[in-house]
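Shown next, in structure tokens, is the structure this report addresses.
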Amino acid sequence: METDLVNDLSNEATNRLAQELRHSGALADLFARIDSGEMELTGDGGLIPALIKTSLERGLEAEMTSHLGYANGDREAKGASGAVNSRNGSYQKRVATEVGPVEVSIPRDRDGSFTPRLVPKGSRRLGGLDDMIISLYAGGMTIREIQWHLSQTIGTDLSHETISNITDAVLEAVLEWQKRPLDEFYPVMYLDAIRVKVRDGSHVRSKAAHIAIGVDMDGVKHVLGIWVQNNEGASFWASVCSNLRNRGVADVLIVCCDGLTGLPEAVEATWPKTIVQTCVAHLIRASMRFVNYQDRKKVSAALRPIYTAVDADAATEALKAFAASELGAKNPATVSTWQSAWDRFTPFLEFPPELRRVIYTTNAIESLNYQLRKISKNRGQFPNDEAAVKLLWLGICNIEDKRATERQRNKGKRGKNRKASGRLIQGQVTTNWKQALAQLAIAYPDRVNPHIH
């Protein structure tokens, strides 16, 4: 938050200076030359690359002065300091930037001890260009598309290998994120998956990339991790639960998922008191899978008394009534779907309306997965599991940045204010969370109250 405040103040000062220059008329001649086509803003010979070149060379000269201990041409200061080393001209270096390539004069000293920081030795790109490439990659563009895009827009030609290395640089951050410590207690956790194609030897296999979102005591949603697995099952979910436990998650009240194979057993083995709740929205969709289109609205209305029942007994009667009805007889697969998921559905009915809205559906994670599918669909396949996790992590960062910007824009507006700042670990606040937490505290005082601050 402190960094955001500094950035806001810096942006405000920059905008104010630009407006002052504009109103003073100092930019009038410059605007006229741009409008006439005499001067370009970007690309070779553009104004912005020229300004970057001037700024870099000025900064590099200041670095050299600091290194030697005296300014260029200041013989008196050089003699007083007793310096033996001195300037030795400069050499030209072409660096890629966000606005195009820039030719920079790098100063040299006689004993070769000067190490520039603004344009490090061996570097052919400024940091901002790396950020742009990673942002484009996170938005769903392939490496070849990024290569073509940079060439066409800012005239920068980077090799396929260079762009690949830039995106691979985030793998360390991904690994650190996957191992970061978590909260001791999460009242609600959502689990869901999307399918990605990953090369496995000479074959391309469809794998499930599972994503977990935890809701903390403040109602803020956190992406806890990403796990890519060929086939889900008890052993896989045991490893996921063990991973979360080893990172500090000692207890979870409710795990909401879409009937994932082997998950209930793994959860019960890791957190014995945790309730595994089948996503009601998924259950409704699954039960409608074989219903004729003409009957869908009628079946949907007939199923409503089941999941809106006051308790499990009332829901059982509602399901029996549906099974005995004409619609139930016509759609036995719908009845069978509800009967098969009954043990994992009924915990939902024990909670009051405020809490039911929170665990009714995994939409909190499905909305994220929808965005990730749009990003990953451009990839015909991933070379390995790590590449899939890398893109999904970058996609989550990108999505959270956009949401944080929207929340900041809507801050203070009625019904749209969000306290959380965004950026992956600080997601959106769960709707009606205070009421839901109050109900959880009443139902599970021994597990919830110790974590209320």
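We label chains A, B, ... in the order they appear in the structure tokens, count residues from 1 in each chain, and number ligands from 1 in the order shown.
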
When DSSP works through the backbone of this structure, what residues of stretch 228-440 of chain A end up as alpha helix (DSSP H), shown as a compact mmCIF listing (two decimals) with N, CA and C atoms, in the first residue's frame?
# COMPACT_ATOMS: atom_id res chain seq x y z
N ALA A 234 -7.17 -40.33 -5.12
CA ALA A 234 -6.89 -40.17 -3.70
C ALA A 234 -5.42 -39.84 -3.44
N SER A 235 -4.49 -40.49 -4.16
CA SER A 235 -3.08 -40.23 -3.92
C SER A 235 -2.69 -38.81 -4.32
N PHE A 236 -3.27 -38.32 -5.43
CA PHE A 236 -2.97 -36.96 -5.87
C PHE A 236 -3.48 -35.95 -4.85
N TRP A 237 -4.74 -36.11 -4.42
CA TRP A 237 -5.31 -35.15 -3.48
C TRP A 237 -4.66 -35.25 -2.11
N ALA A 238 -4.16 -36.42 -1.78
CA ALA A 238 -3.41 -36.56 -0.53
C ALA A 238 -2.15 -35.72 -0.56
N SER A 239 -1.49 -35.68 -1.74
CA SER A 239 -0.27 -34.87 -1.87
C SER A 239 -0.59 -33.38 -1.83
N VAL A 240 -1.74 -32.98 -2.43
CA VAL A 240 -2.14 -31.57 -2.39
C VAL A 240 -2.46 -31.14 -0.97
N CYS A 241 -3.25 -31.93 -0.27
CA CYS A 241 -3.60 -31.60 1.12
C CYS A 241 -2.36 -31.57 2.00
N SER A 242 -1.44 -32.51 1.76
CA SER A 242 -0.20 -32.53 2.52
C SER A 242 0.62 -31.28 2.26
N ASN A 243 0.64 -30.84 1.00
CA ASN A 243 1.36 -29.61 0.64
C ASN A 243 0.80 -28.41 1.39
N LEU A 244 -0.54 -28.29 1.41
CA LEU A 244 -1.17 -27.18 2.12
C LEU A 244 -0.92 -27.27 3.62
N ARG A 245 -0.96 -28.47 4.14
CA ARG A 245 -0.72 -28.66 5.58
C ARG A 245 0.72 -28.28 5.93
N ASN A 246 1.66 -28.68 5.11
CA ASN A 246 3.07 -28.36 5.37
C ASN A 246 3.36 -26.87 5.25
N LEU A 263 -10.97 -36.72 -3.40
CA LEU A 263 -10.76 -35.55 -2.55
C LEU A 263 -11.33 -35.72 -1.14
N PRO A 264 -12.58 -36.19 -0.98
CA PRO A 264 -13.13 -36.30 0.38
C PRO A 264 -12.25 -37.15 1.29
N GLU A 265 -11.74 -38.27 0.78
CA GLU A 265 -10.92 -39.14 1.61
C GLU A 265 -9.61 -38.44 2.01
N ALA A 266 -9.00 -37.71 1.04
CA ALA A 266 -7.75 -37.01 1.33
C ALA A 266 -7.96 -35.88 2.34
N VAL A 267 -9.08 -35.16 2.22
CA VAL A 267 -9.38 -34.07 3.14
C VAL A 267 -9.61 -34.61 4.54
N GLU A 268 -10.38 -35.67 4.63
CA GLU A 268 -10.69 -36.25 5.94
C GLU A 268 -9.45 -36.81 6.61
N ALA A 269 -8.49 -37.28 5.81
CA ALA A 269 -7.26 -37.80 6.38
C ALA A 269 -6.36 -36.68 6.88
N THR A 270 -6.44 -35.51 6.23
CA THR A 270 -5.58 -34.37 6.60
C THR A 270 -6.23 -33.50 7.66
N VAL A 280 -23.30 -26.96 -5.37
CA VAL A 280 -24.70 -27.17 -5.74
C VAL A 280 -24.94 -26.78 -7.20
N ALA A 281 -24.29 -25.72 -7.64
CA ALA A 281 -24.47 -25.30 -9.04
C ALA A 281 -23.97 -26.38 -10.00
N HIS A 282 -22.82 -27.00 -9.68
CA HIS A 282 -22.33 -28.11 -10.50
C HIS A 282 -23.30 -29.29 -10.46
N LEU A 283 -23.84 -29.57 -9.30
CA LEU A 283 -24.76 -30.69 -9.16
C LEU A 283 -26.02 -30.46 -10.00
N ILE A 284 -26.53 -29.25 -10.00
CA ILE A 284 -27.71 -28.94 -10.81
C ILE A 284 -27.39 -29.13 -12.29
N ARG A 285 -26.23 -28.61 -12.73
CA ARG A 285 -25.87 -28.74 -14.14
C ARG A 285 -25.68 -30.21 -14.52
N ALA A 286 -25.04 -30.98 -13.63
CA ALA A 286 -24.83 -32.40 -13.93
C ALA A 286 -26.16 -33.14 -14.03
N SER A 287 -27.11 -32.78 -13.18
CA SER A 287 -28.41 -33.46 -13.20
C SER A 287 -29.25 -33.07 -14.41
N ARG A 296 -36.10 -28.38 -19.77
CA ARG A 296 -35.07 -27.90 -18.84
C ARG A 296 -35.61 -26.88 -17.84
N LYS A 297 -36.39 -25.94 -18.29
CA LYS A 297 -36.93 -24.94 -17.37
C LYS A 297 -37.86 -25.58 -16.35
N LYS A 298 -38.66 -26.54 -16.79
CA LYS A 298 -39.58 -27.21 -15.87
C LYS A 298 -38.81 -28.04 -14.84
N VAL A 299 -37.78 -28.78 -15.30
CA VAL A 299 -36.99 -29.59 -14.37
C VAL A 299 -36.23 -28.70 -13.39
N SER A 300 -35.68 -27.61 -13.90
CA SER A 300 -34.95 -26.68 -13.04
C SER A 300 -35.85 -26.14 -11.93
N ALA A 301 -37.08 -25.79 -12.29
CA ALA A 301 -38.03 -25.28 -11.30
C ALA A 301 -38.43 -26.37 -10.31
N ALA A 302 -38.54 -27.61 -10.82
CA ALA A 302 -38.93 -28.71 -9.94
C ALA A 302 -37.81 -29.10 -8.97
N LEU A 303 -36.57 -28.84 -9.33
CA LEU A 303 -35.44 -29.17 -8.46
C LEU A 303 -35.22 -28.12 -7.37
N ARG A 304 -35.72 -26.93 -7.58
CA ARG A 304 -35.46 -25.82 -6.65
C ARG A 304 -35.88 -26.15 -5.20
N PRO A 305 -37.04 -26.79 -4.98
CA PRO A 305 -37.41 -27.11 -3.59
C PRO A 305 -36.40 -28.01 -2.87
N ILE A 306 -35.57 -28.74 -3.63
CA ILE A 306 -34.59 -29.64 -3.00
C ILE A 306 -33.48 -28.83 -2.36
N TYR A 307 -32.84 -27.94 -3.14
CA TYR A 307 -31.68 -27.23 -2.60
C TYR A 307 -32.05 -25.95 -1.84
N ALA A 312 -32.34 -31.23 5.83
CA ALA A 312 -32.12 -32.44 5.03
C ALA A 312 -33.39 -33.27 4.89
N ASP A 313 -34.21 -33.33 5.94
CA ASP A 313 -35.45 -34.12 5.87
C ASP A 313 -36.39 -33.54 4.82
N ALA A 314 -36.52 -32.21 4.82
CA ALA A 314 -37.40 -31.56 3.83
C ALA A 314 -36.85 -31.76 2.43
N ALA A 315 -35.52 -31.73 2.27
CA ALA A 315 -34.91 -31.95 0.96
C ALA A 315 -35.16 -33.38 0.48
N THR A 316 -35.09 -34.35 1.42
CA THR A 316 -35.35 -35.75 1.06
C THR A 316 -36.77 -35.92 0.54
N GLU A 317 -37.73 -35.30 1.22
CA GLU A 317 -39.13 -35.37 0.77
C GLU A 317 -39.30 -34.71 -0.59
N ALA A 318 -38.60 -33.59 -0.81
CA ALA A 318 -38.70 -32.90 -2.09
C ALA A 318 -38.13 -33.76 -3.21
N LEU A 319 -37.02 -34.47 -2.94
CA LEU A 319 -36.44 -35.34 -3.96
C LEU A 319 -37.36 -36.52 -4.25
N LYS A 320 -37.99 -37.08 -3.22
CA LYS A 320 -38.94 -38.18 -3.43
C LYS A 320 -40.13 -37.72 -4.26
N ALA A 321 -40.59 -36.50 -3.97
CA ALA A 321 -41.73 -35.95 -4.73
C ALA A 321 -41.36 -35.76 -6.19
N PHE A 322 -40.14 -35.29 -6.44
CA PHE A 322 -39.71 -35.11 -7.83
C PHE A 322 -39.58 -36.45 -8.54
N ALA A 323 -39.01 -37.46 -7.83
CA ALA A 323 -38.82 -38.78 -8.43
C ALA A 323 -40.17 -39.41 -8.79
N ALA A 324 -41.18 -39.12 -7.99
CA ALA A 324 -42.50 -39.72 -8.23
C ALA A 324 -43.32 -38.94 -9.26
N GLU A 326 -44.14 -36.82 -12.92
CA GLU A 326 -44.01 -37.17 -14.34
C GLU A 326 -42.63 -36.79 -14.87
N LEU A 327 -42.13 -35.61 -14.44
CA LEU A 327 -40.81 -35.17 -14.87
C LEU A 327 -39.72 -36.10 -14.34
N GLY A 328 -39.87 -36.56 -13.08
CA GLY A 328 -38.89 -37.46 -12.49
C GLY A 328 -38.87 -38.80 -13.20
N ALA A 329 -40.06 -39.31 -13.52
CA ALA A 329 -40.13 -40.58 -14.23
C ALA A 329 -39.53 -40.47 -15.63
N LYS A 330 -39.66 -39.30 -16.23
CA LYS A 330 -39.15 -39.07 -17.57
C LYS A 330 -37.62 -38.88 -17.57
N PRO A 332 -34.91 -40.21 -15.22
CA PRO A 332 -34.35 -40.99 -14.10
C PRO A 332 -32.88 -40.65 -13.82
N ALA A 333 -32.14 -40.22 -14.87
CA ALA A 333 -30.72 -39.88 -14.68
C ALA A 333 -30.59 -38.67 -13.75
N THR A 334 -31.54 -37.76 -13.80
CA THR A 334 -31.51 -36.59 -12.91
C THR A 334 -31.67 -37.02 -11.46
N VAL A 335 -32.62 -37.92 -11.22
CA VAL A 335 -32.83 -38.43 -9.86
C VAL A 335 -31.61 -39.17 -9.38
N SER A 336 -31.01 -39.98 -10.25
CA SER A 336 -29.83 -40.77 -9.88
C SER A 336 -28.65 -39.87 -9.53
N THR A 337 -28.49 -38.78 -10.26
CA THR A 337 -27.38 -37.85 -9.99
C THR A 337 -27.50 -37.27 -8.59
N TRP A 338 -28.70 -36.86 -8.20
CA TRP A 338 -28.90 -36.29 -6.86
C TRP A 338 -28.72 -37.35 -5.77
N GLN A 339 -29.20 -38.55 -6.04
CA GLN A 339 -29.06 -39.63 -5.05
C GLN A 339 -27.60 -39.99 -4.83
N SER A 340 -26.80 -40.01 -5.91
CA SER A 340 -25.38 -40.38 -5.80
C SER A 340 -24.58 -39.34 -5.02
N TRP A 342 -25.84 -37.30 -2.69
CA TRP A 342 -26.64 -36.85 -1.54
C TRP A 342 -25.80 -36.62 -0.28
N ASP A 343 -24.88 -37.54 0.02
CA ASP A 343 -24.10 -37.41 1.26
C ASP A 343 -23.21 -36.17 1.24
N ARG A 344 -22.76 -35.77 0.06
CA ARG A 344 -21.90 -34.58 -0.05
C ARG A 344 -22.72 -33.31 -0.29
N PHE A 345 -24.00 -33.46 -0.56
CA PHE A 345 -24.86 -32.29 -0.77
C PHE A 345 -25.51 -31.83 0.53
N PRO A 353 -29.10 -19.11 5.57
CA PRO A 353 -29.03 -18.52 4.22
C PRO A 353 -27.76 -17.74 3.94
N GLU A 354 -27.26 -16.97 4.92
CA GLU A 354 -26.08 -16.15 4.69
C GLU A 354 -24.86 -17.00 4.30
N LEU A 355 -24.72 -18.14 4.96
CA LEU A 355 -23.60 -19.02 4.68
C LEU A 355 -23.84 -19.86 3.44
N ARG A 356 -25.08 -20.20 3.19
CA ARG A 356 -25.39 -20.98 1.98
C ARG A 356 -24.95 -20.23 0.72
N ARG A 357 -25.10 -18.90 0.74
CA ARG A 357 -24.71 -18.12 -0.45
C ARG A 357 -23.22 -18.22 -0.71
N VAL A 358 -22.43 -18.41 0.36
CA VAL A 358 -20.98 -18.49 0.21
C VAL A 358 -20.55 -19.83 -0.36
N ILE A 359 -21.16 -20.93 0.10
CA ILE A 359 -20.72 -22.27 -0.31
C ILE A 359 -21.66 -22.91 -1.34
N ASN A 363 -18.36 -20.65 -7.98
CA ASN A 363 -18.23 -19.58 -8.96
C ASN A 363 -17.06 -18.66 -8.66
N ALA A 364 -16.69 -18.57 -7.37
CA ALA A 364 -15.55 -17.73 -7.00
C ALA A 364 -14.29 -18.17 -7.73
N ILE A 365 -14.17 -19.46 -7.99
CA ILE A 365 -13.00 -19.96 -8.71
C ILE A 365 -13.32 -20.18 -10.19
N GLU A 366 -14.58 -20.43 -10.51
CA GLU A 366 -14.95 -20.64 -11.91
C GLU A 366 -14.77 -19.38 -12.73
N SER A 367 -15.05 -18.22 -12.14
CA SER A 367 -14.85 -16.96 -12.87
C SER A 367 -13.39 -16.77 -13.20
N LEU A 368 -12.52 -17.17 -12.28
CA LEU A 368 -11.08 -17.10 -12.54
C LEU A 368 -10.69 -18.10 -13.62
N ASN A 369 -11.22 -19.32 -13.52
CA ASN A 369 -10.90 -20.35 -14.52
C ASN A 369 -11.37 -19.96 -15.92
N TYR A 370 -12.49 -19.25 -15.99
CA TYR A 370 -12.99 -18.79 -17.29
C TYR A 370 -11.97 -17.88 -17.96
N GLN A 371 -11.40 -16.95 -17.17
CA GLN A 371 -10.38 -16.05 -17.71
C GLN A 371 -9.13 -16.83 -18.11
N LEU A 372 -8.75 -17.82 -17.30
CA LEU A 372 -7.55 -18.60 -17.60
C LEU A 372 -7.73 -19.44 -18.85
N ARG A 373 -8.94 -19.92 -19.10
CA ARG A 373 -9.18 -20.69 -20.32
C ARG A 373 -8.98 -19.82 -21.55
N LYS A 374 -9.38 -18.55 -21.47
CA LYS A 374 -9.20 -17.65 -22.60
C LYS A 374 -7.71 -17.43 -22.88
N ILE A 375 -6.91 -17.40 -21.81
CA ILE A 375 -5.48 -17.18 -21.96
C ILE A 375 -4.79 -18.42 -22.52
N SER A 376 -5.18 -19.60 -22.03
CA SER A 376 -4.48 -20.84 -22.40
C SER A 376 -4.96 -21.42 -23.73
N ASP A 385 4.79 -29.63 -17.60
CA ASP A 385 3.89 -29.15 -16.56
C ASP A 385 4.29 -27.77 -16.05
N GLU A 386 5.62 -27.54 -15.94
CA GLU A 386 6.11 -26.26 -15.41
C GLU A 386 5.69 -25.10 -16.31
N ALA A 387 5.69 -25.32 -17.63
CA ALA A 387 5.28 -24.26 -18.55
C ALA A 387 3.80 -23.92 -18.37
N ALA A 388 2.98 -24.94 -18.13
CA ALA A 388 1.55 -24.70 -17.90
C ALA A 388 1.33 -23.91 -16.63
N VAL A 389 2.03 -24.30 -15.55
CA VAL A 389 1.90 -23.59 -14.28
C VAL A 389 2.38 -22.15 -14.42
N LYS A 390 3.47 -21.95 -15.17
CA LYS A 390 4.02 -20.60 -15.37
C LYS A 390 2.99 -19.69 -16.03
N LEU A 391 2.37 -20.17 -17.12
CA LEU A 391 1.40 -19.33 -17.82
C LEU A 391 0.18 -19.05 -16.94
N LEU A 392 -0.30 -20.07 -16.24
CA LEU A 392 -1.47 -19.87 -15.37
C LEU A 392 -1.16 -18.88 -14.25
N TRP A 393 0.04 -18.97 -13.69
CA TRP A 393 0.43 -18.03 -12.63
C TRP A 393 0.50 -16.61 -13.17
N LEU A 394 1.12 -16.43 -14.33
CA LEU A 394 1.19 -15.11 -14.93
C LEU A 394 -0.20 -14.60 -15.27
N GLY A 395 -1.07 -15.53 -15.75
CA GLY A 395 -2.45 -15.13 -16.05
C GLY A 395 -3.18 -14.65 -14.82
N ILE A 396 -2.99 -15.34 -13.70
CA ILE A 396 -3.63 -14.94 -12.45
C ILE A 396 -3.12 -13.57 -12.02
N CYS A 397 -1.81 -13.34 -12.14
CA CYS A 397 -1.25 -12.02 -11.81
C CYS A 397 -1.91 -10.95 -12.66
N ASN A 398 -2.03 -11.23 -13.96
CA ASN A 398 -2.60 -10.26 -14.89
C ASN A 398 -4.05 -9.97 -14.56
N ILE A 399 -4.82 -11.03 -14.28
CA ILE A 399 -6.24 -10.88 -13.96
C ILE A 399 -6.41 -10.09 -12.67
N GLU A 400 -5.60 -10.43 -11.65
CA GLU A 400 -5.72 -9.74 -10.37
C GLU A 400 -5.32 -8.28 -10.49
N ASP A 401 -4.33 -7.96 -11.34
CA ASP A 401 -3.96 -6.57 -11.55
C ASP A 401 -5.13 -5.78 -12.15
N LYS A 402 -5.81 -6.40 -13.12
CA LYS A 402 -6.96 -5.73 -13.73
C LYS A 402 -8.07 -5.52 -12.71
N ARG A 403 -8.34 -6.54 -11.90
CA ARG A 403 -9.41 -6.42 -10.91
C ARG A 403 -9.05 -5.38 -9.86
N ALA A 404 -7.77 -5.34 -9.46
CA ALA A 404 -7.35 -4.35 -8.47
C ALA A 404 -7.52 -2.94 -9.01
N THR A 405 -7.22 -2.76 -10.31
CA THR A 405 -7.39 -1.45 -10.94
C THR A 405 -8.86 -1.06 -10.96
N GLU A 406 -9.74 -2.02 -11.27
CA GLU A 406 -11.17 -1.74 -11.29
C GLU A 406 -11.68 -1.39 -9.90
N ARG A 407 -11.20 -2.13 -8.88
CA ARG A 407 -11.64 -1.85 -7.52
C ARG A 407 -11.17 -0.46 -7.07
N GLN A 408 -9.95 -0.09 -7.48
CA GLN A 408 -9.44 1.22 -7.13
C GLN A 408 -10.24 2.31 -7.83
N ARG A 409 -10.63 2.06 -9.08
CA ARG A 409 -11.42 3.04 -9.84
C ARG A 409 -12.80 3.22 -9.23
N TRP A 433 -19.72 -11.43 3.69
CA TRP A 433 -18.84 -12.26 4.49
C TRP A 433 -19.07 -12.09 5.99
N LYS A 434 -19.32 -10.87 6.46
CA LYS A 434 -19.49 -10.64 7.90
C LYS A 434 -20.64 -11.47 8.46
N GLN A 435 -21.76 -11.51 7.72
CA GLN A 435 -22.91 -12.29 8.17
C GLN A 435 -22.58 -13.79 8.17
N ALA A 436 -21.86 -14.24 7.11
CA ALA A 436 -21.51 -15.65 7.02
C ALA A 436 -20.55 -16.05 8.14
N LEU A 437 -19.57 -15.18 8.43
CA LEU A 437 -18.62 -15.48 9.50
C LEU A 437 -19.30 -15.53 10.86
N ALA A 438 -20.27 -14.65 11.05
CA ALA A 438 -21.01 -14.66 12.32
C ALA A 438 -21.73 -15.99 12.51
N GLN A 439 -22.32 -16.52 11.44
CA GLN A 439 -23.00 -17.81 11.52
C GLN A 439 -22.01 -18.95 11.78
N LEU A 440 -20.83 -18.88 11.16
CA LEU A 440 -19.82 -19.90 11.39
C LEU A 440 -19.33 -19.86 12.84

All residues 10 Å or closer to A:Leu158, only C-alpha atoms, same chain fewer than 6 positions away omitted, as an MDAnalysis selection string: chainID A and resid 96 124:125 146:148 150:151

I'd like the contact shell of A:Glu103 - 8 Å cut-off, only C-alpha atoms, skipping same-chain residues fewer than 4 positions apart - returned as a PDB file with all heavy atoms, in the first residue's frame.
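Output contents, as saved in selection.pdb:
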ATOM      1  N   LYS A  53      17.505   8.180 -24.463  1.00  0.00           N
ATOM      2  CA  LYS A  53      18.953   8.187 -24.709  1.00  0.00           C
ATOM      3  C   LYS A  53      19.630   9.282 -23.888  1.00  0.00           C
ATOM      4  O   LYS A  53      20.648   9.044 -23.208  1.00  0.00           O
ATOM      5  CB  LYS A  53      19.206   8.408 -26.202  1.00  0.00           C
ATOM      6  CG  LYS A  53      20.670   8.658 -26.571  1.00  0.00           C
ATOM      7  CD  LYS A  53      20.788   8.935 -28.061  1.00  0.00           C
ATOM      8  CE  LYS A  53      22.190   9.431 -28.419  1.00  0.00           C
ATOM      9  NZ  LYS A  53      23.226   8.406 -28.178  1.00  0.00           N
ATOM     10  N   GLN A  92      29.622   2.759 -28.097  1.00  0.00           N
ATOM     11  CA  GLN A  92      28.202   2.734 -28.429  1.00  0.00           C
ATOM     12  C   GLN A  92      27.604   1.364 -28.129  1.00  0.00           C
ATOM     13  O   GLN A  92      28.232   0.329 -28.371  1.00  0.00           O
ATOM     14  CB  GLN A  92      27.987   3.077 -29.902  1.00  0.00           C
ATOM     15  CG  GLN A  92      28.456   4.477 -30.290  1.00  0.00           C
ATOM     16  CD  GLN A  92      27.690   5.551 -29.550  1.00  0.00           C
ATOM     17  OE1 GLN A  92      26.463   5.572 -29.533  1.00  0.00           O
ATOM     18  NE2 GLN A  92      28.424   6.457 -28.909  1.00  0.00           N
ATOM     19  N   LYS A  93      26.391   1.398 -27.582  1.00  0.00           N
ATOM     20  CA  LYS A  93      25.673   0.161 -27.280  1.00  0.00           C
ATOM     21  C   LYS A  93      24.207   0.332 -27.645  1.00  0.00           C
ATOM     22  O   LYS A  93      23.570   1.322 -27.253  1.00  0.00           O
ATOM     23  CB  LYS A  93      25.810  -0.184 -25.798  1.00  0.00           C
ATOM     24  CG  LYS A  93      25.172  -1.510 -25.413  1.00  0.00           C
ATOM     25  CD  LYS A  93      25.484  -1.839 -23.966  1.00  0.00           C
ATOM     26  CE  LYS A  93      24.949  -3.211 -23.574  1.00  0.00           C
ATOM     27  NZ  LYS A  93      25.301  -3.562 -22.190  1.00  0.00           N
ATOM     28  N   ARG A  94      23.666  -0.603 -28.386  1.00  0.00           N
ATOM     29  CA  ARG A  94      22.268  -0.549 -28.815  1.00  0.00           C
ATOM     30  C   ARG A  94      21.438  -1.405 -27.863  1.00  0.00           C
ATOM     31  O   ARG A  94      21.688  -2.611 -27.725  1.00  0.00           O
ATOM     32  CB  ARG A  94      22.129  -1.063 -30.252  1.00  0.00           C
ATOM     33  CG  ARG A  94      20.765  -0.815 -30.901  1.00  0.00           C
ATOM     34  CD  ARG A  94      20.815  -1.308 -32.344  1.00  0.00           C
ATOM     35  NE  ARG A  94      19.571  -1.119 -33.047  1.00  0.00           N
ATOM     36  CZ  ARG A  94      19.233  -0.003 -33.698  1.00  0.00           C
ATOM     37  NH1 ARG A  94      20.082   1.025 -33.700  1.00  0.00           N
ATOM     38  NH2 ARG A  94      18.080   0.085 -34.328  1.00  0.00           N
ATOM     39  N   VAL A  95      20.463  -0.784 -27.200  1.00  0.00           N
ATOM     40  CA  VAL A  95      19.610  -1.508 -26.256  1.00  0.00           C
ATOM     41  C   VAL A  95      18.156  -1.427 -26.698  1.00  0.00           C
ATOM     42  O   VAL A  95      17.717  -0.414 -27.250  1.00  0.00           O
ATOM     43  CB  VAL A  95      19.757  -0.950 -24.821  1.00  0.00           C
ATOM     44  CG1 VAL A  95      21.148  -1.190 -24.292  1.00  0.00           C
ATOM     45  CG2 VAL A  95      19.417   0.533 -24.764  1.00  0.00           C
TER      46      VAL A  95
END

Considering only C-alpha atoms, state which residue in the set A:Ala71, A:Val310, A:Leu191, A:Val174 is at the smallest distance from A:Leu260.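 Between A:Ala71, A:Val310, A:Leu191, A:Val174, the residue approaching A:Leu260 most closely is A:Leu191.
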
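Shell of A:Val198 at 9 Å, with only C-alpha atoms counted and residues fewer than 6 places along the chain excluded, is Val204, Arg205, Ser206, Lys207, Gly380, Gln381, Phe382, Pro383, Asn384, Asp385, Ala387 and Ala388 of chain A.
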
Could you write out that same residue set with N, CA and C atoms as a PDB file, in the first residue's frame?
ATOM      1  N   VAL A 204       0.783 -36.064 -26.619  1.00  0.00           N
ATOM      2  CA  VAL A 204       0.208 -34.875 -25.995  1.00  0.00           C
ATOM      3  C   VAL A 204      -0.992 -35.332 -25.185  1.00  0.00           C
ATOM      4  N   ARG A 205      -0.952 -35.071 -23.889  1.00  0.00           N
ATOM      5  CA  ARG A 205      -2.011 -35.534 -23.002  1.00  0.00           C
ATOM      6  C   ARG A 205      -2.805 -34.356 -22.442  1.00  0.00           C
ATOM      7  N   SER A 206      -4.065 -34.602 -22.214  1.00  0.00           N
ATOM      8  CA  SER A 206      -4.919 -33.608 -21.563  1.00  0.00           C
ATOM      9  C   SER A 206      -4.814 -33.799 -20.053  1.00  0.00           C
ATOM     10  N   LYS A 207      -4.325 -32.778 -19.372  1.00  0.00           N
ATOM     11  CA  LYS A 207      -4.142 -32.855 -17.922  1.00  0.00           C
ATOM     12  C   LYS A 207      -5.028 -31.824 -17.222  1.00  0.00           C
ATOM     13  N   GLY A 380      -1.554 -24.530 -28.320  1.00  0.00           N
ATOM     14  CA  GLY A 380      -1.960 -25.854 -28.759  1.00  0.00           C
ATOM     15  C   GLY A 380      -1.553 -26.894 -27.733  1.00  0.00           C
ATOM     16  N   GLN A 381      -0.375 -26.656 -27.106  1.00  0.00           N
ATOM     17  CA  GLN A 381       0.133 -27.584 -26.099  1.00  0.00           C
ATOM     18  C   GLN A 381       1.239 -26.898 -25.315  1.00  0.00           C
ATOM     19  N   PHE A 382       1.522 -27.418 -24.128  1.00  0.00           N
ATOM     20  CA  PHE A 382       2.638 -26.946 -23.323  1.00  0.00           C
ATOM     21  C   PHE A 382       3.750 -27.989 -23.365  1.00  0.00           C
ATOM     22  N   PRO A 383       5.019 -27.566 -23.365  1.00  0.00           N
ATOM     23  CA  PRO A 383       6.102 -28.550 -23.430  1.00  0.00           C
ATOM     24  C   PRO A 383       6.232 -29.390 -22.174  1.00  0.00           C
ATOM     25  N   ASN A 384       5.786 -28.862 -21.022  1.00  0.00           N
ATOM     26  CA  ASN A 384       5.868 -29.607 -19.767  1.00  0.00           C
ATOM     27  C   ASN A 384       4.908 -28.995 -18.753  1.00  0.00           C
ATOM     28  N   ASP A 385       4.793 -29.634 -17.598  1.00  0.00           N
ATOM     29  CA  ASP A 385       3.885 -29.149 -16.556  1.00  0.00           C
ATOM     30  C   ASP A 385       4.293 -27.770 -16.050  1.00  0.00           C
ATOM     31  N   ALA A 387       5.688 -25.315 -17.627  1.00  0.00           N
ATOM     32  CA  ALA A 387       5.280 -24.256 -18.552  1.00  0.00           C
ATOM     33  C   ALA A 387       3.804 -23.920 -18.373  1.00  0.00           C
ATOM     34  N   ALA A 388       2.979 -24.941 -18.128  1.00  0.00           N
ATOM     35  CA  ALA A 388       1.553 -24.704 -17.904  1.00  0.00           C
ATOM     36  C   ALA A 388       1.331 -23.911 -16.628  1.00  0.00           C
TER      37      ALA A 388
END

Top pick for closest residue to A:Ala169, considering A:Asp157, A:Glu40, A:Asp111, A:Asp131 and counting only C-alpha atoms: A:Asp131

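Note that the spacing between atom CA of A:Asp183 and atom CA of A:Cys256 amounts to 18.0 Å.
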
Using backbone DSSP assignments, extract all strand (DSSP E or B) residues from stretch 119-196 of chain A; output them as a list of chain:residue names.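 Those in stretch 119-196 of chain A that DSSP calls strand (DSSP E or B) are A:Arg125, A:Phe185, A:Tyr186, A:Pro187, A:Val188, A:Met189, A:Tyr190, A:Leu191, A:Asp192, A:Ala193, A:Ile194, A:Arg195, A:Val196.
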